[in-house]
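**Student:** Sharing a structure with you now.
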2 protein chains.
Amino acid sequence: MKILGIDPGTAICGWGLVEKSGSSFKLLDFGVITTDKNCPQCDRLHSIYTELSDIIKKKQPEAVAVEELFFFKNLKTVISVSEARGVITVAARENRIPFFEYTPLQVKQALAGYGRADKNQVQQMVKLILNLKEIPKPDDAADALAVAITHGQSNQELMQNSNLKSQSDN
Amino acid sequence: MKILGIDPGTAICGWGLVEKSGSSFKLLDFGVITTDKNCPQCDRLHSIYTELSDIIKKKQPEAVAVEELFFFKNLKTVISVSEARGVITVAARENRIPFFEYTPLQVKQALAGYGRADKNQVQQMVKLILNLKEIPKPDDAADALAVAITHGQSNQELMQNSNLKSQSDN
């Protein structure tokens, strides 16, 4: 199963593609979409839409996973990131890819096993789970990979839960 | 010139189409896109995208105008409205319609002539400018028409300024 994780943003939007087979994950590709801060916001949002649509068409993920926005530094940031999130939703849906959202708590729990893990611990786990020599750079791409892994883990847990349930039902 | 004004929102997204000829405005159509609050946000955003794209394709506006978000009641609202705004931007751009934004202050000044006008004064001006018997309902549609008129007024002012400039240049 190919999962595309996305760390939304207008200036820099991270993406990371992983393949999950059984309980293991493999890194397929990652990168960032950057937009020029001197361009109008509508042009920047449209760039994200077209570049992300291209990535989806080329890489053919079976799921798109994005981190939910839960905190913010200032109103301008929250507006800008939310606008990018809206655009990402449409890019996924227009390409008929199922769309999933995870809270930062879910990402931390899925990767590091506890909700108070810091950013660096999560990124170290990305490196470990994907069997990499270094943490992927920039941070936005590493964060996107963390969300992709979270989706894979959640599916796995759902399957495990459903297996456990069917065992207990028998 | 046909202008489509939009009042963004996820639960209810108002739209209003006006035609401007010379300095006068004519109401062409208005309405709202509503989405089911029990549906996931990504489905609601995608509904707005597809319905708005349909309206743009059918009505063929020459400009899309949206009010900028400047204040908010709570974080959940600002995220939701911003996501809808991102979606609206893409719907306009994917249909190759120029996209414009106006602050609430600009809308108030364009309609009522001063920035402290209240919501009702702006809506009364929508009724007056469009030569209607009643204020269009719901509020979201009236607000969308106000933004469309703002864009028309701004263009007019730009043209006047440019005429004045060319007169003074001669």
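Following the order of the structure tokens, chains are lettered A, B, ..., residues in each are numbered from 1, and ligands are numbered from 1.
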Quick one: residues within 7 Å of region 97-110 of chain A, only C-alpha atoms counted, chain neighbours fewer than 2 positions away excluded, as JSON, numbers by chain?

**Tutor:** {"A": [62, 63, 64, 65, 66, 67, 68, 89, 92, 93, 95, 112, 113, 114, 115, 117, 122, 146, 147, 150, 153]}

**Student:** Return as a PyMOL selection string the residues belonging to chain A that are within 7 Å of chain B, counting only C-alpha atoms.

**Tutor:** chain A and resi 42+45-46+78-79+82-87+89-90+93

**Student:** Give the alpha helix (DSSP H) residues of region 25-127 of chain B, as assigned by DSSP on the backbone, as a PDB file with N, CA and C atoms, in the first residue's frame.

**Tutor:**
ATOM      1  N   GLN B  41     -15.238  16.807   6.871  1.00  0.00           N
ATOM      2  CA  GLN B  41     -14.856  18.115   6.323  1.00  0.00           C
ATOM      3  C   GLN B  41     -14.340  17.981   4.892  1.00  0.00           C
ATOM      4  N   CYS B  42     -13.593  16.911   4.598  1.00  0.00           N
ATOM      5  CA  CYS B  42     -13.032  16.786   3.245  1.00  0.00           C
ATOM      6  C   CYS B  42     -14.138  16.593   2.217  1.00  0.00           C
ATOM      7  N   ASP B  43     -15.206  15.902   2.580  1.00  0.00           N
ATOM      8  CA  ASP B  43     -16.343  15.743   1.665  1.00  0.00           C
ATOM      9  C   ASP B  43     -17.066  17.081   1.466  1.00  0.00           C
ATOM     10  N   ARG B  44     -17.196  17.831   2.550  1.00  0.00           N
ATOM     11  CA  ARG B  44     -17.886  19.125   2.465  1.00  0.00           C
ATOM     12  C   ARG B  44     -17.091  20.085   1.582  1.00  0.00           C
ATOM     13  N   LEU B  45     -15.767  20.086   1.754  1.00  0.00           N
ATOM     14  CA  LEU B  45     -14.928  20.973   0.940  1.00  0.00           C
ATOM     15  C   LEU B  45     -15.015  20.570  -0.528  1.00  0.00           C
ATOM     16  N   HIS B  46     -15.052  19.265  -0.766  1.00  0.00           N
ATOM     17  CA  HIS B  46     -15.125  18.811  -2.151  1.00  0.00           C
ATOM     18  C   HIS B  46     -16.478  19.151  -2.777  1.00  0.00           C
ATOM     19  N   SER B  47     -17.556  19.098  -1.989  1.00  0.00           N
ATOM     20  CA  SER B  47     -18.874  19.534  -2.475  1.00  0.00           C
ATOM     21  C   SER B  47     -18.840  20.993  -2.904  1.00  0.00           C
ATOM     22  N   ILE B  48     -18.219  21.823  -2.058  1.00  0.00           N
ATOM     23  CA  ILE B  48     -18.128  23.252  -2.392  1.00  0.00           C
ATOM     24  C   ILE B  48     -17.358  23.422  -3.703  1.00  0.00           C
ATOM     25  N   TYR B  49     -16.271  22.675  -3.827  1.00  0.00           N
ATOM     26  CA  TYR B  49     -15.454  22.753  -5.043  1.00  0.00           C
ATOM     27  C   TYR B  49     -16.273  22.385  -6.282  1.00  0.00           C
ATOM     28  N   THR B  50     -16.977  21.258  -6.230  1.00  0.00           N
ATOM     29  CA  THR B  50     -17.694  20.801  -7.428  1.00  0.00           C
ATOM     30  C   THR B  50     -18.904  21.710  -7.724  1.00  0.00           C
ATOM     31  N   GLU B  51     -19.636  22.112  -6.688  1.00  0.00           N
ATOM     32  CA  GLU B  51     -20.802  22.969  -6.939  1.00  0.00           C
ATOM     33  C   GLU B  51     -20.389  24.344  -7.463  1.00  0.00           C
ATOM     34  N   LEU B  52     -19.314  24.872  -6.873  1.00  0.00           N
ATOM     35  CA  LEU B  52     -18.846  26.187  -7.313  1.00  0.00           C
ATOM     36  C   LEU B  52     -18.291  26.109  -8.735  1.00  0.00           C
ATOM     37  N   SER B  53     -17.595  25.033  -9.050  1.00  0.00           N
ATOM     38  CA  SER B  53     -17.081  24.850 -10.415  1.00  0.00           C
ATOM     39  C   SER B  53     -18.243  24.807 -11.402  1.00  0.00           C
ATOM     40  N   ASP B  54     -19.321  24.121 -11.024  1.00  0.00           N
ATOM     41  CA  ASP B  54     -20.511  24.056 -11.883  1.00  0.00           C
ATOM     42  C   ASP B  54     -21.095  25.453 -12.115  1.00  0.00           C
ATOM     43  N   ILE B  55     -21.218  26.219 -11.020  1.00  0.00           N
ATOM     44  CA  ILE B  55     -21.771  27.582 -11.128  1.00  0.00           C
ATOM     45  C   ILE B  55     -20.892  28.419 -12.066  1.00  0.00           C
ATOM     46  N   ILE B  56     -19.574  28.318 -11.887  1.00  0.00           N
ATOM     47  CA  ILE B  56     -18.649  29.099 -12.721  1.00  0.00           C
ATOM     48  C   ILE B  56     -18.789  28.694 -14.192  1.00  0.00           C
ATOM     49  N   LYS B  57     -18.868  27.392 -14.431  1.00  0.00           N
ATOM     50  CA  LYS B  57     -19.002  26.909 -15.824  1.00  0.00           C
ATOM     51  C   LYS B  57     -20.314  27.384 -16.450  1.00  0.00           C
ATOM     52  N   LYS B  58     -21.414  27.321 -15.677  1.00  0.00           N
ATOM     53  CA  LYS B  58     -22.720  27.724 -16.208  1.00  0.00           C
ATOM     54  C   LYS B  58     -22.829  29.234 -16.392  1.00  0.00           C
ATOM     55  N   LYS B  59     -22.363  29.988 -15.398  1.00  0.00           N
ATOM     56  CA  LYS B  59     -22.611  31.428 -15.382  1.00  0.00           C
ATOM     57  C   LYS B  59     -21.515  32.228 -16.088  1.00  0.00           C
ATOM     58  N   LEU B  75     -11.181  29.316  16.806  1.00  0.00           N
ATOM     59  CA  LEU B  75     -10.166  28.721  15.935  1.00  0.00           C
ATOM     60  C   LEU B  75     -10.785  27.751  14.943  1.00  0.00           C
ATOM     61  N   LYS B  76     -11.793  27.003  15.392  1.00  0.00           N
ATOM     62  CA  LYS B  76     -12.421  26.014  14.515  1.00  0.00           C
ATOM     63  C   LYS B  76     -13.059  26.709  13.306  1.00  0.00           C
ATOM     64  N   THR B  77     -13.710  27.844  13.563  1.00  0.00           N
ATOM     65  CA  THR B  77     -14.338  28.594  12.474  1.00  0.00           C
ATOM     66  C   THR B  77     -13.297  29.120  11.498  1.00  0.00           C
ATOM     67  N   VAL B  78     -12.217  29.677  12.017  1.00  0.00           N
ATOM     68  CA  VAL B  78     -11.220  30.276  11.129  1.00  0.00           C
ATOM     69  C   VAL B  78     -10.572  29.200  10.258  1.00  0.00           C
ATOM     70  N   ILE B  79     -10.339  28.028  10.814  1.00  0.00           N
ATOM     71  CA  ILE B  79      -9.756  26.917  10.039  1.00  0.00           C
ATOM     72  C   ILE B  79     -10.733  26.514   8.938  1.00  0.00           C
ATOM     73  N   SER B  80     -11.979  26.323   9.312  1.00  0.00           N
ATOM     74  CA  SER B  80     -12.995  25.845   8.381  1.00  0.00           C
ATOM     75  C   SER B  80     -13.241  26.839   7.237  1.00  0.00           C
ATOM     76  N   VAL B  81     -13.376  28.130   7.592  1.00  0.00           N
ATOM     77  CA  VAL B  81     -13.611  29.159   6.560  1.00  0.00           C
ATOM     78  C   VAL B  81     -12.375  29.292   5.658  1.00  0.00           C
ATOM     79  N   SER B  82     -11.184  29.205   6.236  1.00  0.00           N
ATOM     80  CA  SER B  82      -9.958  29.326   5.439  1.00  0.00           C
ATOM     81  C   SER B  82      -9.820  28.150   4.483  1.00  0.00           C
ATOM     82  N   GLU B  83     -10.169  26.958   4.947  1.00  0.00           N
ATOM     83  CA  GLU B  83     -10.127  25.793   4.065  1.00  0.00           C
ATOM     84  C   GLU B  83     -11.067  25.999   2.876  1.00  0.00           C
ATOM     85  N   ALA B  84     -12.272  26.527   3.161  1.00  0.00           N
ATOM     86  CA  ALA B  84     -13.234  26.816   2.085  1.00  0.00           C
ATOM     87  C   ALA B  84     -12.671  27.864   1.127  1.00  0.00           C
ATOM     88  N   ARG B  85     -11.988  28.878   1.674  1.00  0.00           N
ATOM     89  CA  ARG B  85     -11.387  29.911   0.828  1.00  0.00           C
ATOM     90  C   ARG B  85     -10.327  29.319  -0.106  1.00  0.00           C
ATOM     91  N   GLY B  86      -9.523  28.400   0.422  1.00  0.00           N
ATOM     92  CA  GLY B  86      -8.522  27.739  -0.413  1.00  0.00           C
ATOM     93  C   GLY B  86      -9.175  27.003  -1.572  1.00  0.00           C
ATOM     94  N   VAL B  87     -10.262  26.321  -1.266  1.00  0.00           N
ATOM     95  CA  VAL B  87     -11.012  25.549  -2.260  1.00  0.00           C
ATOM     96  C   VAL B  87     -11.604  26.484  -3.333  1.00  0.00           C
ATOM     97  N   ILE B  88     -12.127  27.622  -2.895  1.00  0.00           N
ATOM     98  CA  ILE B  88     -12.732  28.596  -3.818  1.00  0.00           C
ATOM     99  C   ILE B  88     -11.674  29.156  -4.780  1.00  0.00           C
ATOM    100  N   THR B  89     -10.490  29.453  -4.219  1.00  0.00           N
ATOM    101  CA  THR B  89      -9.378  29.938  -5.042  1.00  0.00           C
ATOM    102  C   THR B  89      -9.086  28.973  -6.181  1.00  0.00           C
ATOM    103  N   VAL B  90      -8.997  27.683  -5.820  1.00  0.00           N
ATOM    104  CA  VAL B  90      -8.657  26.674  -6.825  1.00  0.00           C
ATOM    105  C   VAL B  90      -9.786  26.534  -7.853  1.00  0.00           C
ATOM    106  N   ALA B  91     -11.049  26.585  -7.382  1.00  0.00           N
ATOM    107  CA  ALA B  91     -12.183  26.487  -8.320  1.00  0.00           C
ATOM    108  C   ALA B  91     -12.121  27.626  -9.342  1.00  0.00           C
ATOM    109  N   ALA B  92     -11.791  28.829  -8.889  1.00  0.00           N
ATOM    110  CA  ALA B  92     -11.690  29.980  -9.809  1.00  0.00           C
ATOM    111  C   ALA B  92     -10.519  29.785 -10.767  1.00  0.00           C
ATOM    112  N   ARG B  93      -9.365  29.438 -10.220  1.00  0.00           N
ATOM    113  CA  ARG B  93      -8.154  29.333 -11.029  1.00  0.00           C
ATOM    114  C   ARG B  93      -8.198  28.169 -12.018  1.00  0.00           C
ATOM    115  N   GLU B  94      -8.779  27.043 -11.584  1.00  0.00           N
ATOM    116  CA  GLU B  94      -8.882  25.883 -12.492  1.00  0.00           C
ATOM    117  C   GLU B  94      -9.827  26.209 -13.649  1.00  0.00           C
ATOM    118  N   PRO B 104     -13.085  43.402   4.646  1.00  0.00           N
ATOM    119  CA  PRO B 104     -14.402  43.884   5.071  1.00  0.00           C
ATOM    120  C   PRO B 104     -14.490  45.419   5.007  1.00  0.00           C
ATOM    121  N   LEU B 105     -13.373  46.096   5.316  1.00  0.00           N
ATOM    122  CA  LEU B 105     -13.329  47.560   5.249  1.00  0.00           C
ATOM    123  C   LEU B 105     -13.573  48.047   3.820  1.00  0.00           C
ATOM    124  N   GLN B 106     -12.946  47.392   2.867  1.00  0.00           N
ATOM    125  CA  GLN B 106     -13.125  47.776   1.462  1.00  0.00           C
ATOM    126  C   GLN B 106     -14.574  47.572   1.014  1.00  0.00           C
ATOM    127  N   VAL B 107     -15.187  46.477   1.495  1.00  0.00           N
ATOM    128  CA  VAL B 107     -16.581  46.190   1.130  1.00  0.00           C
ATOM    129  C   VAL B 107     -17.493  47.288   1.698  1.00  0.00           C
ATOM    130  N   LYS B 108     -17.268  47.618   2.961  1.00  0.00           N
ATOM    131  CA  LYS B 108     -18.098  48.649   3.605  1.00  0.00           C
ATOM    132  C   LYS B 108     -17.935  50.008   2.921  1.00  0.00           C
ATOM    133  N   GLN B 109     -16.692  50.327   2.593  1.00  0.00           N
ATOM    134  CA  GLN B 109     -16.436  51.616   1.943  1.00  0.00           C
ATOM    135  C   GLN B 109     -17.051  51.665   0.544  1.00  0.00           C
ATOM    136  N   ALA B 110     -16.934  50.536  -0.180  1.00  0.00           N
ATOM    137  CA  ALA B 110     -17.459  50.508  -1.551  1.00  0.00           C
ATOM    138  C   ALA B 110     -18.980  50.611  -1.561  1.00  0.00           C
ATOM    139  N   LEU B 111     -19.620  49.950  -0.597  1.00  0.00           N
ATOM    140  CA  LEU B 111     -21.091  49.900  -0.603  1.00  0.00           C
ATOM    141  C   LEU B 111     -21.708  51.103   0.093  1.00  0.00           C
ATOM    142  N   ALA B 112     -21.237  51.357   1.323  1.00  0.00           N
ATOM    143  CA  ALA B 112     -21.904  52.364   2.146  1.00  0.00           C
ATOM    144  C   ALA B 112     -21.136  53.682   2.200  1.00  0.00           C
ATOM    145  N   LYS B 119     -23.602  45.677   9.150  1.00  0.00           N
ATOM    146  CA  LYS B 119     -24.025  44.640   8.205  1.00  0.00           C
ATOM    147  C   LYS B 119     -25.340  45.027   7.511  1.00  0.00           C
ATOM    148  N   ASN B 120     -26.283  45.553   8.297  1.00  0.00           N
ATOM    149  CA  ASN B 120     -27.590  45.893   7.727  1.00  0.00           C
ATOM    150  C   ASN B 120     -27.478  47.043   6.728  1.00  0.00           C
ATOM    151  N   GLN B 121     -26.655  48.041   7.037  1.00  0.00           N
ATOM    152  CA  GLN B 121     -26.471  49.166   6.110  1.00  0.00           C
ATOM    153  C   GLN B 121     -25.900  48.682   4.776  1.00  0.00           C
ATOM    154  N   VAL B 122     -24.943  47.756   4.868  1.00  0.00           N
ATOM    155  CA  VAL B 122     -24.327  47.200   3.644  1.00  0.00           C
ATOM    156  C   VAL B 122     -25.393  46.460   2.834  1.00  0.00           C
ATOM    157  N   GLN B 123     -26.224  45.672   3.529  1.00  0.00           N
ATOM    158  CA  GLN B 123     -27.253  44.907   2.829  1.00  0.00           C
ATOM    159  C   GLN B 123     -28.329  45.809   2.219  1.00  0.00           C
ATOM    160  N   GLN B 124     -28.654  46.891   2.913  1.00  0.00           N
ATOM    161  CA  GLN B 124     -29.603  47.867   2.348  1.00  0.00           C
ATOM    162  C   GLN B 124     -29.035  48.478   1.065  1.00  0.00           C
ATOM    163  N   MET B 125     -27.726  48.695   1.053  1.00  0.00           N
ATOM    164  CA  MET B 125     -27.091  49.265  -0.137  1.00  0.00           C
ATOM    165  C   MET B 125     -27.083  48.253  -1.294  1.00  0.00           C
ATOM    166  N   VAL B 126     -26.923  46.969  -0.953  1.00  0.00           N
ATOM    167  CA  VAL B 126     -27.000  45.916  -1.979  1.00  0.00           C
ATOM    168  C   VAL B 126     -28.364  45.998  -2.659  1.00  0.00           C
ATOM    169  N   LYS B 127     -29.421  46.100  -1.841  1.00  0.00           N
ATOM    170  CA  LYS B 127     -30.799  46.191  -2.338  1.00  0.00           C
ATOM    171  C   LYS B 127     -30.968  47.421  -3.246  1.00  0.00           C
TER     172      LYS B 127
END

**Student:** Mind pulling up the distance from CA of Leu130 (chain B) to CA of Lys20 (chain B)?

**Tutor:**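 If I compute the distance from CA of Lys20 (chain B) to CA of Leu130 (chain B), I get 10.0 Å.
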
**Student:** What does the distance from CA of Ser154 (chain A) to CA of Pro136 (chain A) come to in Å, to one decimal?

**Tutor:**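 Separation of CA of Ser154 (chain A) and CA of Pro136 (chain A): 22.1 Å.
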
**Student:** Out of A:Pro61, A:Gly152, A:Pro40, A:Gly31, which residue has the shortest atom-to-atom distance to Gly14 (chain A) when counting only C-alpha atoms?

**Tutor:**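 Among the listed residues, A:Gly31 lies closest to Gly14 (chain A).
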
**Student:** Could you pull out the strand (DSSP E) residues of chain B, going by DSSP on the backbone, and write them as a ChimeraX atom specification?

**Tutor:** /B:2-7,12-21,24-34,63-67,99-102

**Student:** As an exercise, work out the distance from CA of Thr10 (chain B) to CA of Ala141 (chain B) in Å and give it to one decimal place.

**Tutor:**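 Interatomic distance here is 13.9 Å.
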
**Student:** Tell me, as an MDAnalysis selection string, which residues lie within 12 Å of Val32 (chain B), counting only C-alpha atoms; anything in the same chain fewer than 5 positions away does not count.

**Tutor:** chainID B and resid 5:17 48 51:52 55 136:145
